[in-house]
Structures are given as structure tokens and as C-alpha cells.
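To be precise, the following lines are work25.txt, and they hold compact mmCIF, N, CA and C atoms.
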# COMPACT_ATOMS: atom_id res chain seq x y z
N MET A 674 -34.87 -45.29 23.71
CA MET A 674 -34.30 -46.55 23.31
C MET A 674 -35.39 -47.56 22.93
N ILE A 675 -36.51 -47.52 23.67
CA ILE A 675 -37.61 -48.44 23.40
C ILE A 675 -38.22 -48.14 22.03
N ARG A 676 -38.38 -46.87 21.70
CA ARG A 676 -38.94 -46.51 20.40
C ARG A 676 -38.04 -47.00 19.26
N THR A 677 -36.73 -46.84 19.39
CA THR A 677 -35.78 -47.30 18.37
C THR A 677 -35.88 -48.81 18.23
N SER A 678 -36.00 -49.51 19.32
CA SER A 678 -36.12 -50.96 19.30
C SER A 678 -37.38 -51.39 18.56
N ARG A 679 -38.50 -50.73 18.81
CA ARG A 679 -39.76 -51.06 18.13
C ARG A 679 -39.67 -50.75 16.64
N LEU A 680 -39.00 -49.65 16.30
CA LEU A 680 -38.83 -49.29 14.89
C LEU A 680 -38.00 -50.34 14.17
N LEU A 681 -36.90 -50.77 14.79
CA LEU A 681 -36.07 -51.81 14.18
C LEU A 681 -36.82 -53.12 14.03
N THR A 682 -37.65 -53.45 15.02
CA THR A 682 -38.46 -54.66 14.94
C THR A 682 -39.47 -54.55 13.80
N ALA A 683 -40.09 -53.40 13.65
CA ALA A 683 -41.06 -53.19 12.57
C ALA A 683 -40.38 -53.30 11.20
N ILE A 684 -39.18 -52.73 11.07
CA ILE A 684 -38.45 -52.80 9.80
C ILE A 684 -38.07 -54.25 9.50
N ALA A 685 -37.60 -54.97 10.50
CA ALA A 685 -37.23 -56.37 10.31
C ALA A 685 -38.44 -57.21 9.92
N LEU A 686 -39.59 -56.95 10.56
CA LEU A 686 -40.81 -57.67 10.22
C LEU A 686 -41.24 -57.38 8.79
N ALA A 687 -41.17 -56.14 8.39
CA ALA A 687 -41.54 -55.76 7.01
C ALA A 687 -40.62 -56.43 6.01
N ALA A 688 -39.34 -56.48 6.30
CA ALA A 688 -38.39 -57.13 5.39
C ALA A 688 -38.66 -58.62 5.30
N THR A 689 -39.05 -59.25 6.41
CA THR A 689 -39.36 -60.68 6.42
C THR A 689 -40.60 -60.97 5.59
N VAL A 690 -41.63 -60.15 5.75
CA VAL A 690 -42.88 -60.35 5.01
C VAL A 690 -42.66 -60.12 3.52
N ALA A 691 -41.93 -59.05 3.17
CA ALA A 691 -41.70 -58.72 1.76
C ALA A 691 -40.79 -59.74 1.11
N GLY A 692 -39.81 -60.23 1.84
CA GLY A 692 -38.88 -61.21 1.29
C GLY A 692 -37.82 -60.56 0.45
N PRO A 693 -36.71 -61.28 0.23
CA PRO A 693 -35.59 -60.72 -0.52
C PRO A 693 -35.87 -60.56 -2.01
N GLY A 694 -36.80 -61.33 -2.56
CA GLY A 694 -37.09 -61.27 -3.99
C GLY A 694 -38.30 -60.43 -4.30
N LEU A 695 -38.53 -59.36 -3.55
CA LEU A 695 -39.69 -58.52 -3.74
C LEU A 695 -39.75 -58.02 -5.18
N ALA A 696 -40.86 -58.25 -5.82
CA ALA A 696 -41.04 -57.81 -7.21
C ALA A 696 -41.44 -56.34 -7.21
N VAL A 697 -40.78 -55.58 -8.05
CA VAL A 697 -41.08 -54.16 -8.16
C VAL A 697 -41.64 -53.90 -9.54
N ALA A 698 -42.87 -53.44 -9.64
CA ALA A 698 -43.49 -53.15 -10.93
C ALA A 698 -43.08 -51.76 -11.38
N GLN A 699 -42.74 -51.64 -12.65
CA GLN A 699 -42.40 -50.36 -13.24
C GLN A 699 -43.52 -50.01 -14.20
N SER A 700 -44.14 -48.89 -13.99
CA SER A 700 -45.23 -48.49 -14.86
C SER A 700 -44.90 -47.13 -15.44
N ALA A 701 -44.60 -47.11 -16.70
CA ALA A 701 -44.26 -45.87 -17.38
C ALA A 701 -44.52 -46.06 -18.86
N ARG A 702 -44.38 -44.99 -19.57
CA ARG A 702 -44.52 -45.03 -21.02
C ARG A 702 -43.13 -45.18 -21.62
N LEU A 703 -42.97 -46.15 -22.48
CA LEU A 703 -41.69 -46.42 -23.11
C LEU A 703 -41.81 -46.11 -24.59
N ASN A 704 -40.99 -45.20 -25.10
CA ASN A 704 -41.00 -44.85 -26.52
C ASN A 704 -39.92 -45.62 -27.23
N VAL A 705 -40.31 -46.34 -28.29
CA VAL A 705 -39.38 -47.12 -29.09
C VAL A 705 -39.58 -46.73 -30.54
N GLU A 706 -38.49 -46.50 -31.25
CA GLU A 706 -38.60 -46.19 -32.68
C GLU A 706 -38.83 -47.47 -33.47
N ILE A 707 -39.51 -47.33 -34.60
CA ILE A 707 -39.79 -48.46 -35.46
C ILE A 707 -38.47 -49.11 -35.88
N ASP A 708 -38.41 -50.43 -35.86
CA ASP A 708 -37.24 -51.23 -36.23
C ASP A 708 -36.02 -50.99 -35.34
N GLN A 709 -36.23 -50.44 -34.16
CA GLN A 709 -35.14 -50.24 -33.19
C GLN A 709 -35.48 -51.01 -31.93
N ALA A 710 -34.47 -51.30 -31.13
CA ALA A 710 -34.68 -52.03 -29.88
C ALA A 710 -34.25 -51.17 -28.70
N GLN A 711 -34.92 -51.39 -27.60
CA GLN A 711 -34.60 -50.68 -26.37
C GLN A 711 -34.45 -51.68 -25.24
N ARG A 712 -33.37 -51.55 -24.47
CA ARG A 712 -33.08 -52.46 -23.37
C ARG A 712 -33.89 -52.07 -22.14
N VAL A 713 -34.44 -53.08 -21.45
CA VAL A 713 -35.17 -52.88 -20.20
C VAL A 713 -34.53 -53.77 -19.15
N GLN A 714 -34.06 -53.17 -18.08
CA GLN A 714 -33.49 -53.91 -16.96
C GLN A 714 -34.54 -53.95 -15.86
N MET A 715 -34.97 -55.14 -15.47
CA MET A 715 -36.02 -55.27 -14.47
C MET A 715 -35.42 -55.45 -13.08
N GLN A 716 -36.20 -55.09 -12.06
CA GLN A 716 -35.76 -55.22 -10.68
C GLN A 716 -35.90 -56.65 -10.17
N GLY A 717 -36.84 -57.39 -10.71
CA GLY A 717 -37.07 -58.77 -10.30
C GLY A 717 -36.86 -59.69 -11.48
N GLN A 718 -36.96 -61.00 -11.23
CA GLN A 718 -36.76 -61.98 -12.28
C GLN A 718 -38.09 -62.37 -12.91
N ALA A 719 -38.18 -62.22 -14.21
CA ALA A 719 -39.41 -62.54 -14.94
C ALA A 719 -39.40 -64.01 -15.35
N SER A 720 -40.56 -64.63 -15.27
CA SER A 720 -40.70 -65.99 -15.78
C SER A 720 -41.63 -66.02 -16.99
N SER A 721 -42.47 -64.99 -17.15
CA SER A 721 -43.35 -64.88 -18.31
C SER A 721 -43.43 -63.43 -18.76
N VAL A 722 -43.54 -63.25 -20.08
CA VAL A 722 -43.68 -61.91 -20.65
C VAL A 722 -44.87 -61.91 -21.59
N ILE A 723 -45.72 -60.91 -21.44
CA ILE A 723 -46.93 -60.80 -22.25
C ILE A 723 -46.85 -59.52 -23.06
N VAL A 724 -47.13 -59.60 -24.36
CA VAL A 724 -47.17 -58.44 -25.24
C VAL A 724 -48.60 -58.30 -25.72
N GLY A 725 -49.19 -57.12 -25.48
CA GLY A 725 -50.57 -56.89 -25.87
C GLY A 725 -50.82 -57.09 -27.35
N ASN A 726 -50.00 -56.47 -28.20
CA ASN A 726 -50.16 -56.59 -29.64
C ASN A 726 -48.78 -56.84 -30.26
N PRO A 727 -48.46 -58.09 -30.60
CA PRO A 727 -47.15 -58.41 -31.16
C PRO A 727 -46.88 -57.82 -32.54
N LYS A 728 -47.90 -57.24 -33.19
CA LYS A 728 -47.66 -56.55 -34.46
C LYS A 728 -47.04 -55.18 -34.22
N ILE A 729 -47.16 -54.66 -32.99
CA ILE A 729 -46.60 -53.36 -32.65
C ILE A 729 -45.23 -53.49 -32.00
N ALA A 730 -45.08 -54.42 -31.06
CA ALA A 730 -43.80 -54.59 -30.37
C ALA A 730 -43.48 -56.06 -30.20
N ASP A 731 -42.20 -56.36 -30.21
CA ASP A 731 -41.71 -57.71 -29.99
C ASP A 731 -40.76 -57.66 -28.80
N VAL A 732 -40.71 -58.72 -28.00
CA VAL A 732 -39.84 -58.75 -26.83
C VAL A 732 -38.90 -59.93 -26.95
N THR A 733 -37.61 -59.68 -26.73
CA THR A 733 -36.61 -60.72 -26.66
C THR A 733 -36.13 -60.79 -25.22
N VAL A 734 -36.20 -61.97 -24.63
CA VAL A 734 -35.76 -62.17 -23.25
C VAL A 734 -34.30 -62.60 -23.29
N VAL A 735 -33.42 -61.75 -22.73
CA VAL A 735 -31.99 -62.06 -22.72
C VAL A 735 -31.66 -62.94 -21.52
N ASP A 736 -32.15 -62.55 -20.36
CA ASP A 736 -32.05 -63.35 -19.15
C ASP A 736 -33.24 -62.98 -18.27
N ALA A 737 -33.31 -63.51 -17.06
CA ALA A 737 -34.49 -63.30 -16.21
C ALA A 737 -34.69 -61.84 -15.82
N ASN A 738 -33.66 -61.00 -15.95
CA ASN A 738 -33.76 -59.60 -15.56
C ASN A 738 -33.68 -58.62 -16.72
N THR A 739 -33.46 -59.09 -17.96
CA THR A 739 -33.21 -58.19 -19.08
C THR A 739 -34.08 -58.53 -20.28
N LEU A 740 -34.78 -57.51 -20.78
CA LEU A 740 -35.59 -57.63 -21.99
C LEU A 740 -35.10 -56.63 -23.02
N TYR A 741 -35.31 -56.94 -24.28
CA TYR A 741 -35.16 -55.96 -25.36
C TYR A 741 -36.51 -55.86 -26.05
N ILE A 742 -37.03 -54.65 -26.12
CA ILE A 742 -38.31 -54.41 -26.77
C ILE A 742 -38.03 -53.77 -28.12
N THR A 743 -38.53 -54.39 -29.19
CA THR A 743 -38.30 -53.93 -30.56
C THR A 743 -39.60 -53.41 -31.15
N GLY A 744 -39.53 -52.23 -31.76
CA GLY A 744 -40.69 -51.65 -32.44
C GLY A 744 -40.90 -52.32 -33.77
N ARG A 745 -42.06 -52.97 -33.94
CA ARG A 745 -42.35 -53.68 -35.19
C ARG A 745 -43.34 -52.94 -36.07
N GLY A 746 -44.29 -52.24 -35.46
CA GLY A 746 -45.30 -51.52 -36.23
C GLY A 746 -45.73 -50.30 -35.44
N TYR A 747 -46.26 -49.31 -36.11
CA TYR A 747 -46.65 -48.07 -35.45
C TYR A 747 -47.87 -48.30 -34.56
N GLY A 748 -47.84 -47.70 -33.39
CA GLY A 748 -48.99 -47.81 -32.50
C GLY A 748 -48.59 -47.88 -31.04
N VAL A 749 -49.56 -48.27 -30.21
CA VAL A 749 -49.37 -48.36 -28.77
C VAL A 749 -49.80 -49.74 -28.31
N THR A 750 -49.01 -50.36 -27.45
CA THR A 750 -49.36 -51.65 -26.86
C THR A 750 -48.82 -51.69 -25.44
N GLU A 751 -49.02 -52.78 -24.77
CA GLU A 751 -48.53 -52.91 -23.41
C GLU A 751 -47.68 -54.17 -23.29
N VAL A 752 -46.61 -54.07 -22.48
CA VAL A 752 -45.75 -55.21 -22.19
C VAL A 752 -45.77 -55.41 -20.68
N VAL A 753 -46.01 -56.66 -20.28
CA VAL A 753 -46.07 -57.01 -18.86
C VAL A 753 -45.18 -58.23 -18.65
N ALA A 754 -44.35 -58.18 -17.60
CA ALA A 754 -43.53 -59.33 -17.20
C ALA A 754 -43.89 -59.69 -15.77
N VAL A 755 -44.08 -60.98 -15.52
CA VAL A 755 -44.43 -61.45 -14.18
C VAL A 755 -43.40 -62.49 -13.73
N ASP A 756 -43.25 -62.60 -12.40
CA ASP A 756 -42.32 -63.59 -11.85
C ASP A 756 -43.02 -64.94 -11.72
N ALA A 757 -42.35 -65.90 -11.11
CA ALA A 757 -42.85 -67.27 -11.05
C ALA A 757 -44.15 -67.41 -10.27
N VAL A 758 -44.44 -66.48 -9.35
CA VAL A 758 -45.69 -66.56 -8.58
C VAL A 758 -46.74 -65.59 -9.08
N GLY A 759 -46.48 -64.92 -10.20
CA GLY A 759 -47.47 -64.04 -10.81
C GLY A 759 -47.40 -62.58 -10.44
N ARG A 760 -46.40 -62.18 -9.67
CA ARG A 760 -46.25 -60.76 -9.33
C ARG A 760 -45.66 -60.01 -10.52
N THR A 761 -46.15 -58.82 -10.74
CA THR A 761 -45.68 -58.00 -11.85
C THR A 761 -44.30 -57.42 -11.53
N VAL A 762 -43.32 -57.72 -12.39
CA VAL A 762 -41.98 -57.16 -12.21
C VAL A 762 -41.70 -56.04 -13.22
N PHE A 763 -42.52 -55.97 -14.28
CA PHE A 763 -42.40 -54.89 -15.26
C PHE A 763 -43.74 -54.73 -15.95
N GLN A 764 -44.16 -53.48 -16.11
CA GLN A 764 -45.38 -53.18 -16.86
C GLN A 764 -45.20 -51.82 -17.47
N SER A 765 -45.39 -51.74 -18.78
CA SER A 765 -45.20 -50.46 -19.44
C SER A 765 -46.05 -50.38 -20.70
N GLN A 766 -46.54 -49.18 -20.96
CA GLN A 766 -47.19 -48.90 -22.23
C GLN A 766 -46.05 -48.60 -23.20
N VAL A 767 -46.03 -49.26 -24.35
CA VAL A 767 -44.98 -49.09 -25.34
C VAL A 767 -45.57 -48.34 -26.54
N VAL A 768 -44.95 -47.21 -26.86
CA VAL A 768 -45.37 -46.39 -27.99
C VAL A 768 -44.31 -46.53 -29.09
N VAL A 769 -44.72 -47.05 -30.23
CA VAL A 769 -43.80 -47.23 -31.35
C VAL A 769 -44.12 -46.18 -32.40
N SER A 770 -43.11 -45.40 -32.74
CA SER A 770 -43.28 -44.34 -33.73
C SER A 770 -41.99 -44.18 -34.53
N ALA A 771 -42.07 -43.38 -35.57
CA ALA A 771 -40.88 -43.09 -36.36
C ALA A 771 -40.05 -42.07 -35.61
N GLY A 772 -38.75 -42.26 -35.61
CA GLY A 772 -37.86 -41.30 -34.98
C GLY A 772 -37.62 -40.12 -35.89
N ALA A 773 -37.03 -39.08 -35.33
CA ALA A 773 -36.71 -37.90 -36.13
C ALA A 773 -35.71 -38.29 -37.22
N GLY A 774 -36.02 -37.93 -38.44
CA GLY A 774 -35.12 -38.25 -39.56
C GLY A 774 -35.07 -39.73 -39.87
N SER A 775 -36.19 -40.44 -39.65
CA SER A 775 -36.19 -41.88 -39.82
C SER A 775 -36.15 -42.30 -41.29
N GLY A 776 -36.55 -41.42 -42.18
CA GLY A 776 -36.53 -41.76 -43.59
C GLY A 776 -37.63 -42.71 -44.00
N GLN A 777 -38.73 -42.71 -43.27
CA GLN A 777 -39.86 -43.57 -43.60
C GLN A 777 -40.92 -42.76 -44.35
N VAL A 778 -41.40 -43.31 -45.45
CA VAL A 778 -42.43 -42.64 -46.25
C VAL A 778 -43.46 -43.70 -46.63
N ARG A 779 -44.73 -43.35 -46.58
CA ARG A 779 -45.78 -44.25 -47.02
C ARG A 779 -46.38 -43.68 -48.30
N VAL A 780 -46.38 -44.50 -49.36
CA VAL A 780 -46.90 -44.09 -50.66
C VAL A 780 -48.22 -44.80 -50.88
N TRP A 781 -49.26 -44.00 -51.17
CA TRP A 781 -50.60 -44.56 -51.40
C TRP A 781 -50.89 -44.57 -52.89
N ARG A 782 -51.39 -45.70 -53.39
CA ARG A 782 -51.89 -45.86 -54.76
C ARG A 782 -53.28 -46.41 -54.65
N GLY A 783 -54.27 -45.52 -54.69
CA GLY A 783 -55.65 -45.94 -54.44
C GLY A 783 -55.78 -46.35 -52.98
N ALA A 784 -56.26 -47.56 -52.75
CA ALA A 784 -56.44 -48.04 -51.37
C ALA A 784 -55.22 -48.78 -50.85
N GLN A 785 -54.24 -49.05 -51.71
CA GLN A 785 -53.06 -49.78 -51.29
C GLN A 785 -51.92 -48.83 -50.96
N SER A 786 -51.19 -49.18 -49.89
CA SER A 786 -50.05 -48.36 -49.52
C SER A 786 -48.78 -49.20 -49.49
N THR A 787 -47.67 -48.53 -49.73
CA THR A 787 -46.36 -49.16 -49.66
C THR A 787 -45.50 -48.30 -48.77
N GLU A 788 -44.88 -48.93 -47.78
CA GLU A 788 -43.97 -48.19 -46.91
C GLU A 788 -42.59 -48.21 -47.55
N MET A 789 -41.98 -47.05 -47.62
CA MET A 789 -40.67 -46.91 -48.26
C MET A 789 -39.63 -46.50 -47.22
N ALA A 790 -38.46 -47.10 -47.33
CA ALA A 790 -37.31 -46.70 -46.52
C ALA A 790 -36.43 -45.84 -47.40
N CYS A 791 -36.16 -44.62 -46.94
CA CYS A 791 -35.44 -43.67 -47.77
C CYS A 791 -34.13 -43.23 -47.13
N GLY A 792 -33.09 -43.30 -47.92
CA GLY A 792 -31.77 -42.75 -47.56
C GLY A 792 -31.42 -41.80 -48.67
N SER A 793 -30.38 -42.11 -49.44
CA SER A 793 -30.07 -41.30 -50.62
C SER A 793 -31.06 -41.60 -51.74
N SER A 794 -31.72 -42.79 -51.67
CA SER A 794 -32.81 -43.13 -52.57
C SER A 794 -33.83 -43.91 -51.75
N CYS A 795 -35.02 -44.14 -52.33
CA CYS A 795 -36.09 -44.84 -51.61
C CYS A 795 -36.32 -46.22 -52.22
N SER A 796 -36.63 -47.18 -51.35
CA SER A 796 -37.00 -48.51 -51.82
C SER A 796 -38.04 -49.08 -50.87
N PRO A 797 -38.85 -50.02 -51.35
CA PRO A 797 -39.91 -50.58 -50.49
C PRO A 797 -39.31 -51.21 -49.23
N SER A 798 -39.98 -50.99 -48.13
CA SER A 798 -39.57 -51.56 -46.86
C SER A 798 -39.90 -53.04 -46.85
N VAL A 799 -39.18 -53.81 -46.06
CA VAL A 799 -39.46 -55.24 -45.96
C VAL A 799 -40.67 -55.53 -45.09
N ARG A 800 -41.15 -54.54 -44.35
CA ARG A 800 -42.30 -54.71 -43.46
C ARG A 800 -43.58 -54.43 -44.24
N PRO A 801 -44.52 -55.39 -44.28
CA PRO A 801 -45.78 -55.13 -44.97
C PRO A 801 -46.63 -54.15 -44.18
N THR A 802 -47.43 -53.37 -44.87
CA THR A 802 -48.35 -52.43 -44.23
C THR A 802 -49.62 -53.16 -43.87
N GLU A 803 -50.56 -52.46 -43.20
CA GLU A 803 -51.81 -53.07 -42.79
C GLU A 803 -52.60 -53.62 -43.96
N SER A 804 -52.49 -53.00 -45.12
CA SER A 804 -53.27 -53.45 -46.28
C SER A 804 -52.66 -54.69 -46.92
N GLY A 805 -51.45 -55.10 -46.44
CA GLY A 805 -50.84 -56.30 -46.96
C GLY A 805 -49.88 -56.04 -48.11
N ALA A 806 -49.83 -54.82 -48.63
CA ALA A 806 -48.92 -54.51 -49.73
C ALA A 806 -47.50 -54.40 -49.20
N GLU A 807 -46.54 -54.78 -50.01
CA GLU A 807 -45.14 -54.64 -49.61
C GLU A 807 -44.45 -53.61 -50.45
Rewrite the coordinates I just gave you, this time as C-alpha cells.
Amino acid sequence: MIRTSRLLTAIALAATVAGPGLAVAQSARLNVEIDQAQRVQMQGQASSVIVGNPKIADVTVVDANTLYITGRGYGVTEVVAVDAVGRTVFQSQVVVSAGAGSGQVRVWRGAQSTEMACGSSCSPSVRPTESGAE
């Protein structure tokens, strides 16, 4: 009985120290297709969101617990969300790539490239490439 009592006391103490709003960091690789969005539900409430390279991914904050990460350009970046006291509530490496059957084609003319969106026919994409050509 004494051991059970000490265990319950230890659990109660741990819960008191951690607090009810314990921030839980998620660290994983998140794959997002170009021009698509992916919903992220966080365990804690974020007050700030940091995107390593906004040319690769964009984040829309829906509420304190929900983000949408949109693939803007090909590559890898990191997204971090912190709560009001600076604890990490979300952290992930975001990989933006073309999905299977995405219909994306890059046409090179000398040093300039044009990204094309292809369905039944191809037309220039609205997203400029690194060289600035549209």
C-alpha cells in the first residue's frame, strides 16, 4: 500500500510540474505536393510559426491548434511552431515535391526555364522558376 501511495504521489507531482498545457513537439518529415496543402493538428497552442524558407512552403494558421502547410516551391525546409512561452509545439522538416501524375514539366531554352502545367494540353505555370522566367 505504501508503494502505491508513493507512486500516486510521484505521478501527481509530475503532472503538477508539467502542467495541463504541456507542449508536445512533433518531429517528423512531412511530404507536401507542390501547390497542395496539408493539415497539421498540433497538441499544444501555437503563438508563433517560423518557416525556414517561405519560397518552399507557406503556412496558414487556422487557429491556435491547426496549421495548413502549402507547397510553394520544390525543396526542403523546416516549420516550427512555439507556444507563448517559447516551447516547441510542432517541428517538422517539410519536403515539397511533385506528386505522381502531377503534370508538371520544366522546359529549358538556353539558361532560362519555364515551368509548364500539363493536362490535356500544356501552358505556362503561374509560379515563376528560380531564373525568374514565367
Residues near Ile723 (chain A), anyone? I mean within 7 Å using only N, CA and C atoms, not counting same-chain ones fewer than 5 positions away, as a PDB file with N, CA and C atoms, keeping the file's coordinate frame.
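selection.pdb written:
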ATOM      1  N   GLU A 751     -49.020 -52.780 -24.770  1.00  0.00           N
ATOM      2  CA  GLU A 751     -48.530 -52.910 -23.410  1.00  0.00           C
ATOM      3  C   GLU A 751     -47.680 -54.170 -23.290  1.00  0.00           C
ATOM      4  N   VAL A 752     -46.610 -54.070 -22.480  1.00  0.00           N
ATOM      5  CA  VAL A 752     -45.750 -55.210 -22.190  1.00  0.00           C
ATOM      6  C   VAL A 752     -45.770 -55.410 -20.680  1.00  0.00           C
ATOM      7  N   VAL A 753     -46.010 -56.660 -20.280  1.00  0.00           N
ATOM      8  CA  VAL A 753     -46.070 -57.010 -18.860  1.00  0.00           C
ATOM      9  C   VAL A 753     -45.180 -58.230 -18.650  1.00  0.00           C
ATOM     10  N   ALA A 754     -44.350 -58.180 -17.600  1.00  0.00           N
ATOM     11  CA  ALA A 754     -43.530 -59.330 -17.200  1.00  0.00           C
ATOM     12  C   ALA A 754     -43.890 -59.690 -15.770  1.00  0.00           C
ATOM     13  N   VAL A 755     -44.080 -60.980 -15.520  1.00  0.00           N
ATOM     14  CA  VAL A 755     -44.430 -61.450 -14.180  1.00  0.00           C
ATOM     15  C   VAL A 755     -43.400 -62.490 -13.730  1.00  0.00           C
TER      16      VAL A 755
END
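Between atom C of Ser765 (chain A) and atom C of Ala701 (chain A) there is a distance of 4.9 Å.
The space between CA of Gly746 (chain A) and atom N of Ala730 (chain A) spans 5.9 Å.
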Original post:
atom N of Met789 (chain A) to atom C of Gly748 (chain A): how many Å, to one decimal?
Top reply: 17.9 Å
Original post:
So which residues touch region 704-712 of chain A within 12 Å, counting only C-alpha atoms, skipping near sequence neighbours fewer than 6 positions away, as a ChimeraX atom specification?
Top reply: /A:728-736,738-751,765-777,790,798-800
